[in-house]
Amino acid sequence: MTKYLSEKTTKSRDRARTEQEIIAAARYVLAESGFQGFGINAIARRAGCDKQLIYRYYGGLDGLAEAIGNDVANCLGRQLTEQMQGIPATTYADLIERLVLGFVAVLRADSLMQRVVAWEISEPTPMVLRFSAARAFVLRRWVERERGTLTPPDGVDGAALNAILIAAAQQLVLQGSATGGFAGITLDDSGWERVRQALSRMVHAAYAATPGAAV
């Protein structure tokens, strides 16, 4: 019995390690070749495994794409949580400021996520949209988990406002990566500091508590 459990544990570890290698290989292929070069054979070669394992573990390319989308999105969620540094937000505006500025920082540092976001805009195929859905789900879950009892002031459409703020952050990061600037602002370190300050002021102005409003 002990030997059986030991063998089962070893197989489980081997599978987990192989899955990690496949995901890493798939992320590499996607970053290097885009969705046009995103194929089972290329990923199997990169991972150094039999392509049948990809079918066995993920059911094929669509399942693997979904797994990568979840992996990238969950990485975003973890990094946002790390940036909270264990200190909870005290107001809804504080929470959304951390979300938006954290999203900018994470997206700027992740070239693969930048490419995926750009593909969502330019090539909204079903596979690409899986990535978008996974990221949206993680962002919603993060807000729900971190906000506790915090709510936007009465009369403020938080969902719409947050969508606009995230969209603005996305566009600025993509534009900065592609051209180095946007609307006359050079997006170097000093330019990004200006953007961060402006985003912070926008968030707090939009979510400023009004008499009788919930905070």
# chains A, B, ... in the order shown; residues from 1 in each chain; ligands from 1

call {"tool": "residues_around", "arguments": {"residues": "A:Trp119", "least_positions_apart": "6", "cutoff": "9 Å", "atoms": "only C-alpha atoms", "output": "PDB file with N, CA and C atoms, in the first residue's frame"}}
result
ATOM      1  N   GLY A  34       3.257  34.638 -31.675  1.00  0.00           N
ATOM      2  CA  GLY A  34       1.857  35.053 -31.748  1.00  0.00           C
ATOM      3  C   GLY A  34       0.938  33.862 -31.942  1.00  0.00           C
ATOM      4  N   PHE A  35      -0.344  34.162 -32.095  1.00  0.00           N
ATOM      5  CA  PHE A  35      -1.303  33.078 -32.257  1.00  0.00           C
ATOM      6  C   PHE A  35      -1.129  32.360 -33.594  1.00  0.00           C
ATOM      7  N   THR A 125     -10.418  36.780 -31.921  1.00  0.00           N
ATOM      8  CA  THR A 125     -10.835  35.408 -32.220  1.00  0.00           C
ATOM      9  C   THR A 125     -11.351  34.758 -30.935  1.00  0.00           C
ATOM     10  N   VAL A 128      -8.508  34.161 -28.501  1.00  0.00           N
ATOM     11  CA  VAL A 128      -8.018  35.384 -27.871  1.00  0.00           C
ATOM     12  C   VAL A 128      -8.992  35.863 -26.804  1.00  0.00           C
TER      13      VAL A 128
END

call {"tool": "residues_around", "arguments": {"residues": "A:Gly60", "least_positions_apart": "3", "cutoff": "12 Å", "atoms": "only C-alpha atoms", "output": "PyMOL selection string"}}
result
chain A and resi 38-41+43-44+51-57+63-67

call {"tool": "atom_distance", "arguments": {"atom1": "atom CA of A:Gly77", "atom2": "atom CA of A:Thr186"}}
result
28.4 Å

call {"tool": "residues_around", "arguments": {"residues": "stretch 199-202 of chain A", "least_positions_apart": "3", "cutoff": "10 Å", "atoms": "only C-alpha atoms", "output": "ChimeraX atom specification"}}
result
/A:93-94,96-98,100-101,165,168-169,193-196,205-208

call {"tool": "atom_distance", "arguments": {"atom1": "atom CA of A:Leu112", "atom2": "atom CA of A:Ala31"}}
result
5.4 Å

call {"tool": "closest_residue", "arguments": {"among": "A:Ala133, A:Leu150, A:Leu174, A:Ala73", "to": "A:Thr91", "atoms": "only C-alpha atoms"}}
result
A:Leu150

call {"tool": "atom_distance", "arguments": {"atom1": "atom CA of A:Glu19", "atom2": "atom CA of A:Gly59"}}
result
12.7 Å

call {"tool": "closest_residue", "arguments": {"among": "A:Ala42, A:Leu161, A:Val116, A:Cys49", "to": "A:His204", "atoms": "only C-alpha atoms"}}
result
A:Leu161

call {"tool": "residues_around", "arguments": {"residues": "A:Gln171", "least_positions_apart": "4", "cutoff": "12 Å", "atoms": "only C-alpha atoms", "output": "VMD selection string"}}
result
chain A and resid 103 to 104 107 to 108 114 117 to 118 121 164 to 167 175 to 179 181 to 183

call {"tool": "closest_residue", "arguments": {"among": "A:Ala160, A:Thr18, A:Arg135, A:Arg46", "to": "A:Cys75", "atoms": "only C-alpha atoms"}}
result
A:Arg135

call {"tool": "select_by_dssp", "arguments": {"residues": "stretch 86-141 of chain A", "states": "alpha helix (DSSP H)", "output": "ChimeraX atom specification"}}
result
/A:92-109,111-122,126-141

call {"tool": "residues_around", "arguments": {"residues": "A:Phe137", "least_positions_apart": "4", "cutoff": "12 Å", "atoms": "only C-alpha atoms", "output": "ChimeraX atom specification"}}
result
/A:69-70,72-74,76-77,130-133,141-144

call {"tool": "write_last_selection", "arguments": {"atoms": "all heavy atoms", "output": "CSV table (one decimal), in the first residue's frame"}}
result
chain,number,residue,atom,x,y,z
A,69,GLY,N,-4.4,31.4,-20.5
A,69,GLY,CA,-5.2,32.6,-20.2
A,69,GLY,C,-5.4,32.7,-18.7
A,69,GLY,O,-5.2,33.8,-18.1
A,70,ASN,N,-5.7,31.6,-18.1
A,70,ASN,CA,-5.9,31.5,-16.6
A,70,ASN,C,-4.6,31.8,-15.9
A,70,ASN,O,-4.6,32.5,-14.8
A,70,ASN,CB,-6.5,30.2,-16.2
A,70,ASN,CG,-8.0,30.0,-16.6
A,70,ASN,OD1,-8.7,31.0,-16.8
A,70,ASN,ND2,-8.4,28.8,-16.8
A,72,VAL,N,-1.9,33.5,-16.9
A,72,VAL,CA,-1.6,34.9,-17.0
A,72,VAL,C,-2.4,35.8,-16.1
A,72,VAL,O,-2.0,36.7,-15.4
A,72,VAL,CB,-1.7,35.4,-18.5
A,72,VAL,CG1,-1.5,36.9,-18.6
A,72,VAL,CG2,-0.6,34.6,-19.4
A,73,ALA,N,-3.7,35.5,-16.1
A,73,ALA,CA,-4.7,36.3,-15.3
A,73,ALA,C,-4.4,36.1,-13.9
A,73,ALA,O,-4.4,37.0,-13.1
A,73,ALA,CB,-6.1,35.9,-15.7
A,74,ASN,N,-4.2,34.8,-13.4
A,74,ASN,CA,-3.9,34.6,-12.0
A,74,ASN,C,-2.6,35.2,-11.6
A,74,ASN,O,-2.5,35.7,-10.4
A,74,ASN,CB,-3.9,33.1,-11.7
A,74,ASN,CG,-5.3,32.5,-11.8
A,74,ASN,OD1,-6.3,33.1,-11.5
A,74,ASN,ND2,-5.4,31.2,-12.2
A,76,LEU,N,-1.5,38.0,-12.7
A,76,LEU,CA,-1.9,39.4,-12.5
A,76,LEU,C,-2.6,39.6,-11.1
A,76,LEU,O,-2.2,40.5,-10.4
A,76,LEU,CB,-2.9,39.8,-13.6
A,76,LEU,CG,-3.6,41.2,-13.4
A,76,LEU,CD1,-2.7,42.3,-13.4
A,76,LEU,CD2,-4.7,41.4,-14.5
A,77,GLY,N,-3.5,38.7,-10.8
A,77,GLY,CA,-4.1,38.8,-9.5
A,77,GLY,C,-3.2,38.7,-8.3
A,77,GLY,O,-3.2,39.5,-7.4
A,130,ARG,N,-10.8,34.2,-24.9
A,130,ARG,CA,-10.7,33.4,-23.7
A,130,ARG,C,-9.7,34.1,-22.7
A,130,ARG,O,-9.9,34.1,-21.5
A,130,ARG,CB,-10.2,32.0,-24.0
A,130,ARG,CG,-11.2,31.1,-24.6
A,130,ARG,CD,-10.7,29.6,-24.7
A,130,ARG,NE,-11.7,28.8,-25.3
A,130,ARG,CZ,-11.7,28.5,-26.6
A,130,ARG,NH1,-10.9,29.0,-27.4
A,130,ARG,NH2,-12.7,27.6,-27.0
A,131,PHE,N,-8.7,34.7,-23.2
A,131,PHE,CA,-7.7,35.4,-22.4
A,131,PHE,C,-8.4,36.6,-21.8
A,131,PHE,O,-8.2,36.9,-20.6
A,131,PHE,CB,-6.5,35.9,-23.2
A,131,PHE,CG,-5.6,34.8,-23.6
A,131,PHE,CD1,-5.9,33.8,-24.5
A,131,PHE,CD2,-4.3,34.7,-23.0
A,131,PHE,CE1,-5.0,32.7,-24.8
A,131,PHE,CE2,-3.4,33.7,-23.3
A,131,PHE,CZ,-3.8,32.7,-24.2
A,132,SER,N,-9.2,37.3,-22.6
A,132,SER,CA,-9.8,38.5,-22.1
A,132,SER,C,-10.8,38.2,-21.0
A,132,SER,O,-10.9,38.8,-19.9
A,132,SER,CB,-10.6,39.2,-23.2
A,132,SER,OG,-11.3,40.3,-22.8
A,133,ALA,N,-11.6,37.1,-21.2
A,133,ALA,CA,-12.6,36.7,-20.2
A,133,ALA,C,-11.9,36.3,-18.9
A,133,ALA,O,-12.3,36.6,-17.8
A,133,ALA,CB,-13.4,35.5,-20.7
A,141,ARG,N,-12.8,39.4,-9.4
A,141,ARG,CA,-12.7,38.6,-8.2
A,141,ARG,C,-11.8,39.3,-7.2
A,141,ARG,O,-12.0,39.3,-6.0
A,141,ARG,CB,-12.1,37.2,-8.5
A,141,ARG,CG,-12.1,36.2,-7.3
A,141,ARG,CD,-11.6,34.9,-7.7
A,141,ARG,NE,-10.3,34.9,-8.3
A,141,ARG,CZ,-9.7,33.8,-8.9
A,141,ARG,NH1,-10.3,32.7,-8.9
A,141,ARG,NH2,-8.5,33.9,-9.4
A,142,TRP,N,-10.7,39.9,-7.7
A,142,TRP,CA,-9.8,40.7,-6.9
A,142,TRP,C,-10.5,41.8,-6.2
A,142,TRP,O,-10.3,42.0,-4.9
A,142,TRP,CB,-8.6,41.2,-7.7
A,142,TRP,CG,-7.5,41.9,-6.9
A,142,TRP,CD1,-6.4,41.3,-6.3
A,142,TRP,CD2,-7.4,43.2,-6.5
A,142,TRP,NE1,-5.7,42.2,-5.6
A,142,TRP,CE2,-6.3,43.4,-5.8
A,142,TRP,CE3,-8.2,44.3,-6.8
A,142,TRP,CZ2,-5.9,44.6,-5.3
A,142,TRP,CZ3,-7.9,45.6,-6.3
A,142,TRP,CH2,-6.7,45.7,-5.6
A,143,VAL,N,-11.2,42.6,-6.9
A,143,VAL,CA,-12.0,43.7,-6.3
A,143,VAL,C,-12.9,43.2,-5.3
A,143,VAL,O,-13.0,43.8,-4.2
A,143,VAL,CB,-12.7,44.5,-7.4
A,143,VAL,CG1,-13.6,45.5,-6.8
A,143,VAL,CG2,-11.7,45.2,-8.3
A,144,GLU,N,-13.7,42.2,-5.6
A,144,GLU,CA,-14.7,41.6,-4.6
A,144,GLU,C,-14.0,41.2,-3.3
A,144,GLU,O,-14.5,41.4,-2.2
A,144,GLU,CB,-15.4,40.5,-5.3
A,144,GLU,CG,-16.4,40.9,-6.4
A,144,GLU,CD,-16.9,39.7,-7.2
A,144,GLU,OE1,-16.5,38.6,-6.9
A,144,GLU,OE2,-17.7,40.0,-8.1
